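Here the structure comes first, spelled out in structure tokens, and everything after it is commentary.
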Amino acid sequence: MASRILTGASLGALFGALLAGPAAAQEFEVPEGCELQLTVQGRECAVTQYFICEEDPEGFRRSIQFREDGATGASVVDAEYQWVQTIGGASRERLVDAEDPASLSELFETGEDSFDFTLQEDGPRGTNEYRVVGIDRLEGGEVEIDGVPLQRTIFAYQRLDEDGEALISVTGEQYVSEDLRLFFAGPETARIGGRVIESDNSPVRFAREGDPGFGDIRPAFGCDVSDIGFRP
């Protein structure tokens with residue numbers, strides 16, 4: 001677990017530097033010792049950079065999402081796509097324990113993967129622990145987006161407080177690549193208290209090294225739409 005915490009700490013430093021960086025920057029500055037592998041433009045005015053770093057355990061993948069106003073979130077996942085660390089706004093979360101870790105291998109082998117793990121959040125409300133329980137299931141067949149073969153999935157998960165009460169419930173669809181070992185967003189519905197938030201940041205364009213748009217931090221699609229999917 002120590003190596004995972006170290007990884008998250010360096011991610012936090014990188015995210016802070018990005019927030020403080022020049023607003024006019026157009027390309028992702030890859031940290032020393034890291035390698036940018038993929039840039040993905042989503043349909044809701046967001047672009048995500050996926051990269052690996054020498055200091056991380058094998059198979060770990062980092063990502064940082066950008067919107068028009070700059071970096072908005074960062075994450076680390078392991079080789080099985082188990083969440084390890086996430087940063088968004090003033091909050092940071094790290095993996096504390098995984099009773100049933102997420103497993104891409106199980107998903108591809110059986111068509112279904114359940115998960116049950118605990119995150120510790122440090123944020124404006126102090127330090128709290130939350131349990132995340134859910135399932136991913138291959139369903140909907142294969143699809144190709146911008147030349148990249150993907151499989152459709154459906155998923156559902158809840159974030160539970162220490163009393164087992166659901167704070168957030170999310171259901172929807174995603175895309176997953178067995179070759180890239182990555183999930184990509186799809187249409188989803190989140191229920192938070194009395195609010196319902198719908199979104200669909202499905203991938204539109206993939207760029208690898210040598211492709212146009214590789215490393216570009218400027219969102220290219222959907223930026224003329226505000227407050228997408230919000231229903232009071």
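Following the order of the structure tokens, first chain is A, next is B, and so on, with residues numbered from 1 inside each chain and ligands from 1 in the order they appear.
Residues with any atom within 9 Å of Asp200 (chain A), counting only C-alpha atoms and excluding same-chain neighbours fewer than 4 positions away, are A:Gly42, A:Arg43, A:Glu44, A:Ala185, A:Gly186, A:Pro187, A:Glu188, A:Thr189, A:Ile228, A:Gly229.
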Check: When DSSP works through the backbone of this structure, what residues of region 28-106 of chain A end up as strand (DSSP E), shown as a PyMOL selection string?
Finding: chain A and resi 34-42+46-53+61-67+70-77+83-88+91-100
Selected residues written out with N, CA and C atoms, as a compact mmCIF listing (two decimals), in the first residue's frame:
# COMPACT_ATOMS: atom_id res chain seq x y z
N CYS A 34 7.88 10.28 -17.03
CA CYS A 34 6.56 9.77 -17.45
C CYS A 34 6.46 9.79 -18.98
N GLU A 35 5.51 9.04 -19.49
CA GLU A 35 5.31 8.94 -20.94
C GLU A 35 3.83 9.04 -21.27
N LEU A 36 3.48 10.01 -22.09
CA LEU A 36 2.10 10.17 -22.54
C LEU A 36 1.80 9.08 -23.56
N GLN A 37 0.66 8.39 -23.38
CA GLN A 37 0.31 7.29 -24.26
C GLN A 37 -0.92 7.57 -25.12
N LEU A 38 -1.85 8.36 -24.59
CA LEU A 38 -3.14 8.49 -25.28
C LEU A 38 -3.82 9.79 -24.89
N THR A 39 -4.44 10.44 -25.88
CA THR A 39 -5.28 11.61 -25.65
C THR A 39 -6.67 11.28 -26.18
N VAL A 40 -7.69 11.48 -25.34
CA VAL A 40 -9.06 11.14 -25.73
C VAL A 40 -9.96 12.36 -25.59
N GLN A 41 -10.57 12.77 -26.68
CA GLN A 41 -11.55 13.85 -26.67
C GLN A 41 -12.94 13.26 -26.43
N GLY A 42 -13.65 13.83 -25.44
CA GLY A 42 -15.00 13.41 -25.13
C GLY A 42 -16.04 14.36 -25.68
N ALA A 46 -14.57 17.88 -22.82
CA ALA A 46 -13.52 17.38 -21.93
C ALA A 46 -12.52 16.58 -22.75
N VAL A 47 -11.25 16.71 -22.38
CA VAL A 47 -10.19 15.93 -23.02
C VAL A 47 -9.33 15.33 -21.92
N THR A 48 -8.96 14.05 -22.08
CA THR A 48 -8.23 13.33 -21.04
C THR A 48 -6.90 12.83 -21.58
N GLN A 49 -5.85 13.04 -20.77
CA GLN A 49 -4.52 12.56 -21.10
C GLN A 49 -4.22 11.31 -20.25
N TYR A 50 -3.77 10.25 -20.89
CA TYR A 50 -3.41 9.00 -20.20
C TYR A 50 -1.90 8.80 -20.31
N PHE A 51 -1.26 8.56 -19.17
CA PHE A 51 0.19 8.42 -19.19
C PHE A 51 0.67 7.47 -18.10
N ILE A 52 1.90 6.97 -18.28
CA ILE A 52 2.52 6.08 -17.31
C ILE A 52 3.79 6.74 -16.79
N CYS A 53 4.22 6.33 -15.57
CA CYS A 53 5.40 6.92 -14.95
C CYS A 53 6.30 5.82 -14.40
N ARG A 61 -1.76 3.27 -14.34
CA ARG A 61 -2.02 4.28 -15.36
C ARG A 61 -2.55 5.54 -14.68
N ARG A 62 -2.01 6.66 -15.09
CA ARG A 62 -2.49 7.95 -14.59
C ARG A 62 -3.29 8.66 -15.68
N SER A 63 -4.21 9.52 -15.26
CA SER A 63 -4.95 10.32 -16.23
C SER A 63 -5.28 11.67 -15.62
N ILE A 64 -5.35 12.68 -16.47
CA ILE A 64 -5.75 14.02 -16.07
C ILE A 64 -6.75 14.54 -17.09
N GLN A 65 -7.87 15.06 -16.60
CA GLN A 65 -8.91 15.59 -17.48
C GLN A 65 -8.85 17.10 -17.51
N PHE A 66 -9.04 17.64 -18.69
CA PHE A 66 -9.06 19.09 -18.88
C PHE A 66 -10.40 19.50 -19.48
N ARG A 67 -10.85 20.66 -19.04
CA ARG A 67 -11.99 21.33 -19.67
C ARG A 67 -11.51 22.71 -20.14
N GLY A 70 -9.22 24.56 -17.78
CA GLY A 70 -8.01 23.91 -17.30
C GLY A 70 -8.26 22.55 -16.70
N ALA A 71 -7.27 22.07 -15.94
CA ALA A 71 -7.34 20.74 -15.33
C ALA A 71 -8.45 20.69 -14.29
N THR A 72 -9.27 19.64 -14.35
CA THR A 72 -10.40 19.52 -13.43
C THR A 72 -10.35 18.27 -12.58
N GLY A 73 -9.53 17.30 -12.93
CA GLY A 73 -9.47 16.07 -12.14
C GLY A 73 -8.32 15.20 -12.58
N ALA A 74 -7.85 14.36 -11.66
CA ALA A 74 -6.74 13.46 -11.96
C ALA A 74 -6.99 12.14 -11.24
N SER A 75 -6.43 11.06 -11.78
CA SER A 75 -6.64 9.76 -11.14
C SER A 75 -5.48 8.82 -11.42
N VAL A 76 -5.39 7.79 -10.58
CA VAL A 76 -4.46 6.68 -10.78
C VAL A 76 -5.27 5.40 -10.65
N VAL A 77 -5.08 4.47 -11.59
CA VAL A 77 -5.68 3.14 -11.49
C VAL A 77 -4.57 2.11 -11.64
N TRP A 83 -9.50 1.63 -8.72
CA TRP A 83 -9.17 3.00 -8.35
C TRP A 83 -8.13 3.00 -7.24
N VAL A 84 -7.11 3.82 -7.37
CA VAL A 84 -6.07 3.94 -6.36
C VAL A 84 -6.08 5.33 -5.74
N GLN A 85 -6.21 6.34 -6.58
CA GLN A 85 -6.20 7.73 -6.11
C GLN A 85 -6.97 8.59 -7.09
N THR A 86 -7.76 9.53 -6.56
CA THR A 86 -8.44 10.51 -7.40
C THR A 86 -8.34 11.88 -6.75
N ILE A 87 -8.29 12.89 -7.59
CA ILE A 87 -8.23 14.27 -7.14
C ILE A 87 -9.22 15.06 -7.98
N GLY A 88 -10.05 15.85 -7.30
CA GLY A 88 -10.99 16.69 -8.01
C GLY A 88 -11.37 17.88 -7.15
N SER A 91 -10.98 18.11 -3.11
CA SER A 91 -11.03 16.79 -2.47
C SER A 91 -10.02 15.83 -3.09
N ARG A 92 -9.48 14.96 -2.22
CA ARG A 92 -8.57 13.91 -2.66
C ARG A 92 -9.02 12.60 -2.03
N GLU A 93 -9.00 11.55 -2.82
CA GLU A 93 -9.40 10.23 -2.34
C GLU A 93 -8.30 9.22 -2.62
N ARG A 94 -8.12 8.29 -1.70
CA ARG A 94 -7.16 7.22 -1.92
C ARG A 94 -7.75 5.90 -1.45
N LEU A 95 -7.29 4.84 -2.06
CA LEU A 95 -7.76 3.50 -1.71
C LEU A 95 -7.23 3.12 -0.34
N VAL A 96 -8.14 2.66 0.53
CA VAL A 96 -7.76 2.21 1.87
C VAL A 96 -7.75 0.69 1.93
N ASP A 97 -8.80 0.09 1.39
CA ASP A 97 -8.93 -1.37 1.45
C ASP A 97 -9.84 -1.82 0.31
N ALA A 98 -9.63 -3.03 -0.16
CA ALA A 98 -10.46 -3.58 -1.23
C ALA A 98 -10.85 -5.00 -0.87
N GLU A 99 -12.08 -5.17 -0.36
CA GLU A 99 -12.59 -6.51 -0.04
C GLU A 99 -12.78 -7.33 -1.31
N ASP A 100 -13.23 -6.65 -2.37
CA ASP A 100 -13.42 -7.29 -3.68
C ASP A 100 -12.90 -6.32 -4.73
Margin query: When DSSP is applied to the backbone of this structure, which of chain A are assigned alpha helix (DSSP H)? Write them out as number ranges by chain.
Written below: A: 2-20, 104-110
Just the selected residues (N, CA and C atoms), exported as a compact mmCIF listing (two decimals), in the first residue's frame, please.
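In the end it all went to result14.txt:
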# COMPACT_ATOMS: atom_id res chain seq x y z
N ALA A 2 2.06 1.19 0.58
CA ALA A 2 2.91 2.38 0.65
C ALA A 2 3.22 2.94 -0.74
N SER A 3 3.49 2.06 -1.70
CA SER A 3 3.81 2.53 -3.04
C SER A 3 2.61 3.23 -3.67
N ARG A 4 1.42 2.78 -3.34
CA ARG A 4 0.23 3.41 -3.90
C ARG A 4 0.05 4.81 -3.32
N ILE A 5 0.31 4.99 -2.03
CA ILE A 5 0.18 6.30 -1.42
C ILE A 5 1.20 7.26 -2.00
N LEU A 6 2.44 6.79 -2.22
CA LEU A 6 3.47 7.61 -2.83
C LEU A 6 3.05 8.06 -4.22
N THR A 7 2.50 7.14 -4.98
CA THR A 7 2.02 7.48 -6.31
C THR A 7 0.99 8.58 -6.26
N GLY A 8 0.03 8.48 -5.33
CA GLY A 8 -1.01 9.49 -5.23
C GLY A 8 -0.45 10.84 -4.83
N ALA A 9 0.57 10.85 -3.95
CA ALA A 9 1.14 12.11 -3.51
C ALA A 9 1.77 12.85 -4.68
N SER A 10 2.52 12.16 -5.53
CA SER A 10 3.15 12.80 -6.67
C SER A 10 2.10 13.26 -7.68
N LEU A 11 1.01 12.54 -7.79
CA LEU A 11 -0.09 12.96 -8.66
C LEU A 11 -0.65 14.27 -8.16
N GLY A 12 -0.80 14.42 -6.84
CA GLY A 12 -1.32 15.66 -6.28
C GLY A 12 -0.43 16.84 -6.59
N ALA A 13 0.89 16.64 -6.51
CA ALA A 13 1.82 17.72 -6.83
C ALA A 13 1.69 18.12 -8.30
N LEU A 14 1.55 17.13 -9.17
CA LEU A 14 1.39 17.41 -10.60
C LEU A 14 0.10 18.17 -10.85
N PHE A 15 -0.99 17.74 -10.22
CA PHE A 15 -2.27 18.40 -10.43
C PHE A 15 -2.21 19.85 -9.96
N GLY A 16 -1.56 20.08 -8.80
CA GLY A 16 -1.42 21.44 -8.31
C GLY A 16 -0.62 22.31 -9.26
N ALA A 17 0.43 21.76 -9.84
CA ALA A 17 1.23 22.52 -10.79
C ALA A 17 0.44 22.87 -12.04
N LEU A 18 -0.41 21.96 -12.48
CA LEU A 18 -1.24 22.22 -13.65
C LEU A 18 -2.23 23.34 -13.39
N LEU A 19 -2.81 23.34 -12.18
CA LEU A 19 -3.77 24.39 -11.83
C LEU A 19 -3.10 25.76 -11.80
N ALA A 20 -1.82 25.77 -11.41
CA ALA A 20 -1.10 27.03 -11.30
C ALA A 20 -0.43 27.44 -12.60
N LEU A 104 -10.31 -6.09 -14.33
CA LEU A 104 -10.57 -6.16 -15.77
C LEU A 104 -10.44 -7.59 -16.28
N SER A 105 -9.48 -8.33 -15.72
CA SER A 105 -9.28 -9.71 -16.16
C SER A 105 -10.54 -10.53 -15.96
N GLU A 106 -11.17 -10.38 -14.80
CA GLU A 106 -12.40 -11.12 -14.53
C GLU A 106 -13.52 -10.68 -15.46
N LEU A 107 -13.59 -9.38 -15.72
CA LEU A 107 -14.63 -8.87 -16.61
C LEU A 107 -14.50 -9.50 -18.00
N PHE A 108 -13.30 -9.56 -18.54
CA PHE A 108 -13.11 -10.11 -19.88
C PHE A 108 -13.24 -11.63 -19.90
N GLU A 109 -12.89 -12.28 -18.80
CA GLU A 109 -12.97 -13.75 -18.75
C GLU A 109 -14.39 -14.25 -18.54
N THR A 110 -15.17 -13.55 -17.71
CA THR A 110 -16.50 -14.04 -17.33
C THR A 110 -17.64 -13.17 -17.84
Check: If we count only C-alpha atoms, what is near region 152-161 of chain A at a cut-off of 7 Å, once residues fewer than 3 positions away on the same chain are taken out, given as a ChimeraX atom specification?
Finding: /A:130-142,164-176
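Minimum atom-to-atom distance to Gly89 (chain A), evaluated using only C-alpha atoms, belongs to A:Asp122 out of A:Val204, A:Asp122, A:Gln151, A:Gly194.
Using only C-alpha atoms, the smallest distance between any of A:Gly147, A:Pro219, A:Gly213, A:Pro203 and Phe183 (chain A) comes from A:Pro203.
Here CA of Ser103 (chain A) is placed at a distance of 16.8 Å from CA of Leu119 (chain A).
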